[in-house]
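Participant: I have a structure here, written as structure tokens, and I will follow up with some questions on it.
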There are 2 protein chains.
Amino acid sequence: MKQPNPEQERFVDPHMSFARQIRAGNVRALSRAISLVENSSPEATALLAACHGAADSIKLGFTGAPGAGKSTLVDQFARRLRKDSERVGIVAVDPTSPFSGGAILGDRIRMGGHQGDAGLYIRSMATRGFLGGLAGKTADVCALMEAAGWNRILVETVGVGQDEVDIVRLADVTIVVLVPGMGDDVQSIKAGIMEIADIFVINKCDREGADRVEQEVKAMQSLAMEHTDWTAPIVRTVATSGEGVDSLHAEVAKCIEYLRSSGRLQKKRISAWRQRLEQMLREEMLLELEARGFARERLDQAATEIVESNRNPYEFVPQMLRELLRG
Amino acid sequence: MKQPNPEQERFVDPHMSFARQIRAGNVRALSRAISLVENSSPEATALLAACHGAADSIKLGFTGAPGAGKSTLVDQFARRLRKDSERVGIVAVDPTSPFSGGAILGDRIRMGGHQGDAGLYIRSMATRGFLGGLAGKTADVCALMEAAGWNRILVETVGVGQDEVDIVRLADVTIVVLVPGMGDDVQSIKAGIMEIADIFVINKCDREGADRVEQEVKAMQSLAMEHTDWTAPIVRTVATSGEGVDSLHAEVAKCIEYLRSSGRLQKKRISAWRQRLEQMLREEMLLELEARGFARERLDQAATEIVESNRNPYEFVPQMLRELLRG
């Protein structure tokens, strides 16, 4: 039994070889890996660990209200980056209804002009029922894309909920996309998202009201409590025609330069990882709970008893937890 | 040492006596208890367990975009319920920015006309940094208000994020408040919230566009996949003047009657508890983690090492978890 087993000698850790394929830039391997992450597959953690390396991709977060034209803008911006031969990955996060399964953003058939461009990778993520939060999944997907050599990663999300704020906090540069004529919509993303913008875009700026939006943003900036060396510039675009995309590209380059030279890029990333580590611990803890028989049937039964027999839920939970931790 | 200790004999479990005060309807005790829940105080679970009883309050969830006039509508609806001598509790959930600390809903100085009405209780909840999610906190606050004898509980929340969908799922009756002329705003709450409406309100119906909103809702209803015996009625209101509030009151009564007689109230509550039990287990697990030295300093340090020394986070987390579970 203690003799070397030639079968075992030849055994290659499947995660390692899979990870090697990803790191070599194999797109099919990357896509498969992302699906593992999306599905909370048990192999995902080992795979992420094996893919972790010294890569240094820049992550750009694009956020804004539905209808602000984010997809078109991201597509145009990707085209611009491709001119400099950057390898561009796009992660489009669709907030999916937990009830209907319908996506807000609608069809993601896009980027027709890019077909066959091996320097561009696009991935849509639905957001249904993720264990441990959407932001964590997005971060893991970005980590895989980074490992696969995509050095500019554009993350696109609707800026409405806490999940989206969390996603945006994981980006190196946050671009908030506004549009004229949405009235209260701008207000409704203001709390939370506006404060973390590194760059504002007023898209569809050929529409009436662009000046007003710009004034509002400036008024907000003048009221800001915390002053840093960076005041978010306001760039006007018409994404459908490509107008203003070069300016946006220049502002992004300036911002990255500022973040690097001031040491803020480092600080942002440490703070993002701090948040992510806490999420990861929670997620792992939940997986551990499930492994120990976080029995769904028992929860179903308990819920019924709470309503029908007036069972005390606040007593049931600590008791179930004690059992699970002992297990 | 084994002799009875008279001091111990006289000892009264503080949670029990506190709980007794709450159940007797003591408003100051209730307010203190809600603060314990909001602050994730360690006493909260024992207190909730001690307060749990056979109460049967009806919980009404009001949701809609910012600016839809929810607060005014909820106030008017509370006035109407008070005419029937219902004891009315209001929970107003303000989505607070994690960055600025500012609330979307703005001032909550309200209900001037109700001052001194002992049959009405209003509580605003900020939403900053809640462990384990806002929906759970809201459910616990409702449980305390229920224990204190408030038999109609109105929960008011902005219908934009996943948190809000989760809150609304905990209600017995969900009222979605729409307004004319918000354009894409209606679309942006559609996914998720629209599907669970028991009643639609078109508020500010004196504005242009009320007919269009009604047509849109009807079009959506005709496309609905799942048909039940209940089609959500559409009620028009002008909350500022009180117009339509009586109709809303009548529709709510009809809906409650339908939910009771069809057995759907029971089913909804079982499903809400099922979801809540899972949340509670997660929250308790995290508290247990913290008690075992889920060391914040270690996470800070690890985050720095990940960025500065390229430490592998996906290896660090399982290792830290193993240590914690052993502890």
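Scheme for the structure tokens: letters A, B, ... for chains in order shown; per-chain residue numbers from 1; ligand numbers from 1 in order shown.
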Mind checking which residues fall within 12 Å of Leu289 of chain A, counting only C-alpha atoms, ignoring those fewer than 4 positions away in the same chain, and posting them as a PyMOL selection string?
Facilitator: (chain A and resi 282-285+293-296+320-327) or (chain B and resi 278+281-282+284-286+321+325)
Participant: For those residues, write C-alpha atoms to a file as an mmCIF file, in the first residue's frame.
Facilitator:
data_model
loop_
_atom_site.group_PDB
_atom_site.id
_atom_site.type_symbol
_atom_site.label_atom_id
_atom_site.label_comp_id
_atom_site.auth_asym_id
_atom_site.auth_seq_id
_atom_site.Cartn_x
_atom_site.Cartn_y
_atom_site.Cartn_z
ATOM 1 C CA ARG A 282 -19.262 34.360 4.487
ATOM 2 C CA GLU A 283 -19.707 32.439 1.263
ATOM 3 C CA GLU A 284 -17.338 29.692 2.366
ATOM 4 C CA MET A 285 -19.121 29.512 5.681
ATOM 5 C CA GLY A 293 -26.554 19.337 6.137
ATOM 6 C CA PHE A 294 -28.124 22.753 6.207
ATOM 7 C CA ALA A 295 -31.169 20.711 5.475
ATOM 8 C CA ARG A 296 -33.564 22.479 3.151
ATOM 9 C CA MET A 320 -30.216 24.307 14.372
ATOM 10 C CA LEU A 321 -26.976 26.297 14.205
ATOM 11 C CA ARG A 322 -25.593 24.563 17.295
ATOM 12 C CA GLU A 323 -26.302 21.203 15.689
ATOM 13 C CA LEU A 324 -24.637 22.223 12.435
ATOM 14 C CA LEU A 325 -21.516 23.559 14.115
ATOM 15 C CA ARG A 326 -21.181 20.408 16.173
ATOM 16 C CA GLY A 327 -21.511 18.270 13.012
ATOM 17 C CA GLU B 278 -32.314 30.889 5.883
ATOM 18 C CA LEU B 281 -29.164 31.028 9.994
ATOM 19 C CA ARG B 282 -26.695 33.043 7.959
ATOM 20 C CA GLU B 284 -26.341 33.738 13.388
ATOM 21 C CA MET B 285 -23.481 32.008 11.661
ATOM 22 C CA LEU B 286 -21.754 35.330 11.085
ATOM 23 C CA LEU B 321 -12.300 29.407 7.940
ATOM 24 C CA LEU B 325 -14.489 26.404 12.769
#
Participant: Do a neighbour search on Ala232 of chain B at 10 Å with only C-alpha atoms, toss out local chain neighbours closer than 3 positions, and write the hits as a PyMOL selection string.
Facilitator: chain B and resi 174-176+195-201+217-218+221+229+235+251+255
Participant: How would the residues just picked look written out with N, CA and C atoms as a PDB file, in the first residue's frame?
Facilitator:
ATOM      1  N   THR B 174     -48.922  43.425  -1.032  1.00  0.00           N
ATOM      2  CA  THR B 174     -47.944  44.325  -1.630  1.00  0.00           C
ATOM      3  C   THR B 174     -48.636  45.350  -2.514  1.00  0.00           C
ATOM      4  N   ILE B 175     -48.400  46.612  -2.220  1.00  0.00           N
ATOM      5  CA  ILE B 175     -49.007  47.704  -2.962  1.00  0.00           C
ATOM      6  C   ILE B 175     -47.901  48.446  -3.704  1.00  0.00           C
ATOM      7  N   VAL B 176     -47.979  48.425  -5.029  1.00  0.00           N
ATOM      8  CA  VAL B 176     -46.964  49.105  -5.835  1.00  0.00           C
ATOM      9  C   VAL B 176     -47.499  50.465  -6.266  1.00  0.00           C
ATOM     10  N   GLU B 195     -44.302  42.061 -10.607  1.00  0.00           N
ATOM     11  CA  GLU B 195     -44.891  40.729 -10.594  1.00  0.00           C
ATOM     12  C   GLU B 195     -45.512  40.354  -9.257  1.00  0.00           C
ATOM     13  N   ILE B 196     -45.079  41.016  -8.197  1.00  0.00           N
ATOM     14  CA  ILE B 196     -45.605  40.607  -6.895  1.00  0.00           C
ATOM     15  C   ILE B 196     -46.633  41.594  -6.337  1.00  0.00           C
ATOM     16  N   ALA B 197     -47.060  42.529  -7.177  1.00  0.00           N
ATOM     17  CA  ALA B 197     -48.066  43.494  -6.714  1.00  0.00           C
ATOM     18  C   ALA B 197     -49.400  42.792  -6.488  1.00  0.00           C
ATOM     19  N   ASP B 198     -50.012  43.059  -5.337  1.00  0.00           N
ATOM     20  CA  ASP B 198     -51.389  42.620  -5.111  1.00  0.00           C
ATOM     21  C   ASP B 198     -52.355  43.725  -5.509  1.00  0.00           C
ATOM     22  N   ILE B 199     -51.871  44.956  -5.397  1.00  0.00           N
ATOM     23  CA  ILE B 199     -52.671  46.128  -5.741  1.00  0.00           C
ATOM     24  C   ILE B 199     -51.733  47.163  -6.370  1.00  0.00           C
ATOM     25  N   PHE B 200     -52.186  47.788  -7.450  1.00  0.00           N
ATOM     26  CA  PHE B 200     -51.436  48.918  -8.009  1.00  0.00           C
ATOM     27  C   PHE B 200     -52.125  50.214  -7.624  1.00  0.00           C
ATOM     28  N   VAL B 201     -51.327  51.208  -7.284  1.00  0.00           N
ATOM     29  CA  VAL B 201     -51.861  52.551  -7.068  1.00  0.00           C
ATOM     30  C   VAL B 201     -51.226  53.457  -8.109  1.00  0.00           C
ATOM     31  N   VAL B 217     -49.868  48.971 -17.221  1.00  0.00           N
ATOM     32  CA  VAL B 217     -50.035  47.937 -16.195  1.00  0.00           C
ATOM     33  C   VAL B 217     -50.941  46.830 -16.722  1.00  0.00           C
ATOM     34  N   LYS B 218     -52.035  47.242 -17.378  1.00  0.00           N
ATOM     35  CA  LYS B 218     -52.975  46.240 -17.897  1.00  0.00           C
ATOM     36  C   LYS B 218     -52.324  45.371 -18.968  1.00  0.00           C
ATOM     37  N   GLN B 221     -50.224  42.935 -17.241  1.00  0.00           N
ATOM     38  CA  GLN B 221     -51.034  41.892 -16.596  1.00  0.00           C
ATOM     39  C   GLN B 221     -51.534  40.872 -17.605  1.00  0.00           C
ATOM     40  N   ASP B 229     -56.371  33.501  -9.076  1.00  0.00           N
ATOM     41  CA  ASP B 229     -57.744  33.991  -8.951  1.00  0.00           C
ATOM     42  C   ASP B 229     -57.784  35.487  -8.703  1.00  0.00           C
ATOM     43  N   VAL B 235     -55.802  51.257  -8.532  1.00  0.00           N
ATOM     44  CA  VAL B 235     -56.525  52.312  -7.814  1.00  0.00           C
ATOM     45  C   VAL B 235     -55.849  53.646  -8.100  1.00  0.00           C
ATOM     46  N   GLU B 251     -60.089  48.116  -1.472  1.00  0.00           N
ATOM     47  CA  GLU B 251     -59.392  47.077  -2.237  1.00  0.00           C
ATOM     48  C   GLU B 251     -58.470  46.250  -1.336  1.00  0.00           C
ATOM     49  N   CYS B 255     -58.631  42.307  -0.730  1.00  0.00           N
ATOM     50  CA  CYS B 255     -57.452  41.470  -0.961  1.00  0.00           C
ATOM     51  C   CYS B 255     -57.168  40.584   0.255  1.00  0.00           C
TER      52      CYS B 255
END
Participant: Could you give me the residues within segment 133-301 of chain B that DSSP places in helix (DSSP H, G or I), as JSON, numbers by chain?
Facilitator: {"B": [134, 135, 136, 137, 138, 139, 140, 141, 142, 143, 144, 145, 146, 147, 162, 163, 164, 165, 166, 167, 168, 169, 184, 185, 186, 187, 188, 189, 190, 191, 192, 193, 194, 195, 196, 210, 211, 212, 213, 214, 215, 216, 217, 218, 219, 220, 221, 222, 223, 245, 246, 247, 248, 249, 250, 251, 252, 253, 254, 255, 256, 257, 258, 259, 260, 261, 262, 264, 265, 266, 267, 268, 269, 270, 271, 272, 273, 274, 275, 276, 277, 278, 279, 280, 281, 282, 283, 284, 285, 286, 287, 288, 289, 290, 291, 296, 297, 298, 299, 300, 301]}
Participant: Rounded to one decimal place, report the atom CA of Asp140 of chain B-atom CA of Leu248 of chain B distance in Å.
Facilitator: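 It comes out at 26.8 Å.
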Participant: Point out the residue among A:Val91, A:Ala54, A:Ile122, A:Leu134 with the least atom-to-atom distance to chain B, counting only C-alpha atoms.
Facilitator: A:Ala54
Participant: Please identify all polymer residues within 12 Å of Glu257 of chain A, counting only C-alpha atoms, omitting same-chain residues fewer than 5 positions from it, and present them as a list in words.
Facilitator: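 Answer for this query is Ile58, Asp172, Val173, Trp230, Ala250, Glu251, Val252, Ser262, Gly263, Arg264 and Leu265 of chain A.
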Participant: For the residues selected in the previous step, produce a file with N, CA and C atoms as a PDB file, in the first residue's frame.
Facilitator:
ATOM      1  N   ILE A  58      -6.471  46.666 -15.415  1.00  0.00           N
ATOM      2  CA  ILE A  58      -7.253  47.808 -14.940  1.00  0.00           C
ATOM      3  C   ILE A  58      -8.734  47.483 -15.118  1.00  0.00           C
ATOM      4  N   ASP A 172     -11.348  49.778 -10.422  1.00  0.00           N
ATOM      5  CA  ASP A 172     -10.279  50.752 -10.200  1.00  0.00           C
ATOM      6  C   ASP A 172     -10.770  52.157 -10.542  1.00  0.00           C
ATOM      7  N   VAL A 173     -11.532  52.253 -11.621  1.00  0.00           N
ATOM      8  CA  VAL A 173     -12.054  53.540 -12.077  1.00  0.00           C
ATOM      9  C   VAL A 173     -13.557  53.396 -12.264  1.00  0.00           C
ATOM     10  N   TRP A 230      -8.452  64.828  -6.858  1.00  0.00           N
ATOM     11  CA  TRP A 230      -9.111  64.485  -8.109  1.00  0.00           C
ATOM     12  C   TRP A 230     -10.553  64.955  -8.092  1.00  0.00           C
ATOM     13  N   ALA A 250      -9.231  59.683 -23.077  1.00  0.00           N
ATOM     14  CA  ALA A 250      -8.155  60.526 -22.534  1.00  0.00           C
ATOM     15  C   ALA A 250      -8.345  60.743 -21.034  1.00  0.00           C
ATOM     16  N   GLU A 251      -9.577  60.974 -20.613  1.00  0.00           N
ATOM     17  CA  GLU A 251      -9.834  61.208 -19.189  1.00  0.00           C
ATOM     18  C   GLU A 251      -9.567  59.951 -18.365  1.00  0.00           C
ATOM     19  N   VAL A 252      -9.906  58.801 -18.932  1.00  0.00           N
ATOM     20  CA  VAL A 252      -9.650  57.540 -18.225  1.00  0.00           C
ATOM     21  C   VAL A 252      -8.143  57.359 -18.046  1.00  0.00           C
ATOM     22  N   SER A 262      -0.548  58.750  -7.211  1.00  0.00           N
ATOM     23  CA  SER A 262      -0.912  59.211  -5.872  1.00  0.00           C
ATOM     24  C   SER A 262      -0.953  58.071  -4.861  1.00  0.00           C
ATOM     25  N   GLY A 263      -0.822  56.841  -5.356  1.00  0.00           N
ATOM     26  CA  GLY A 263      -0.929  55.699  -4.448  1.00  0.00           C
ATOM     27  C   GLY A 263      -2.369  55.313  -4.146  1.00  0.00           C
ATOM     28  N   ARG A 264      -3.331  56.029  -4.764  1.00  0.00           N
ATOM     29  CA  ARG A 264      -4.733  55.717  -4.474  1.00  0.00           C
ATOM     30  C   ARG A 264      -5.193  54.410  -5.112  1.00  0.00           C
ATOM     31  N   LEU A 265      -4.564  54.021  -6.198  1.00  0.00           N
ATOM     32  CA  LEU A 265      -4.937  52.752  -6.836  1.00  0.00           C
ATOM     33  C   LEU A 265      -4.700  51.607  -5.847  1.00  0.00           C
TER      34      LEU A 265
END
Participant: Could you tell me how far atom CA of Gln215 of chain B sits from atom CA of Gly67 of chain B, in Å to one decimal place?
Facilitator: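 Between these atoms lies a distance of 20.9 Å.
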Participant: Kindly give the distance, in Å, that separates atom CA of Gly149 of chain A and atom CA of Val317 of chain B, rounded to a single decimal.
Facilitator: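 Atom-to-atom, atom CA of Gly149 of chain A and atom CA of Val317 of chain B are spaced 24.3 Å apart.
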Participant: Could you pull the residues within 10 Å of Val177 of chain B, counting only C-alpha atoms, minus those fewer than 2 positions along the same chain, as a PDB file with C-alpha atoms, in the first residue's frame?
Facilitator:
ATOM      1  CA  PHE B  62     -45.868  49.973  -0.049  1.00  0.00           C
ATOM      2  CA  THR B  63     -43.212  50.267  -2.693  1.00  0.00           C
ATOM      3  CA  GLY B  64     -42.439  52.421  -5.698  1.00  0.00           C
ATOM      4  CA  ALA B  65     -39.872  54.734  -7.261  1.00  0.00           C
ATOM      5  CA  ALA B  68     -43.957  58.499  -6.190  1.00  0.00           C
ATOM      6  CA  GLY B  69     -45.489  59.986  -3.048  1.00  0.00           C
ATOM      7  CA  LYS B  70     -45.342  56.833  -0.946  1.00  0.00           C
ATOM      8  CA  LEU B  73     -50.002  57.878   0.670  1.00  0.00           C
ATOM      9  CA  VAL B 158     -38.242  52.378  -2.437  1.00  0.00           C
ATOM     10  CA  GLY B 159     -38.710  49.677  -5.034  1.00  0.00           C
ATOM     11  CA  THR B 174     -47.944  44.325  -1.630  1.00  0.00           C
ATOM     12  CA  ILE B 175     -49.007  47.704  -2.962  1.00  0.00           C
ATOM     13  CA  VAL B 179     -46.942  57.850 -10.929  1.00  0.00           C
ATOM     14  CA  VAL B 186     -41.638  52.556 -14.161  1.00  0.00           C
ATOM     15  CA  MET B 194     -44.367  44.476 -10.677  1.00  0.00           C
ATOM     16  CA  ALA B 197     -48.066  43.494  -6.714  1.00  0.00           C
ATOM     17  CA  ILE B 199     -52.671  46.128  -5.741  1.00  0.00           C
ATOM     18  CA  PHE B 200     -51.436  48.918  -8.009  1.00  0.00           C
ATOM     19  CA  VAL B 201     -51.861  52.551  -7.068  1.00  0.00           C
ATOM     20  CA  ILE B 202     -51.494  55.313  -9.622  1.00  0.00           C
ATOM     21  CA  ASN B 203     -50.742  58.226  -7.354  1.00  0.00           C
ATOM     22  CA  LYS B 204     -50.720  61.888  -8.454  1.00  0.00           C
ATOM     23  CA  ILE B 234     -55.531  49.509 -10.170  1.00  0.00           C
ATOM     24  CA  VAL B 235     -56.525  52.312  -7.814  1.00  0.00           C
ATOM     25  CA  ARG B 236     -56.072  55.986  -8.646  1.00  0.00           C
ATOM     26  CA  THR B 237     -55.160  58.367  -5.848  1.00  0.00           C
TER      27      THR B 237
END
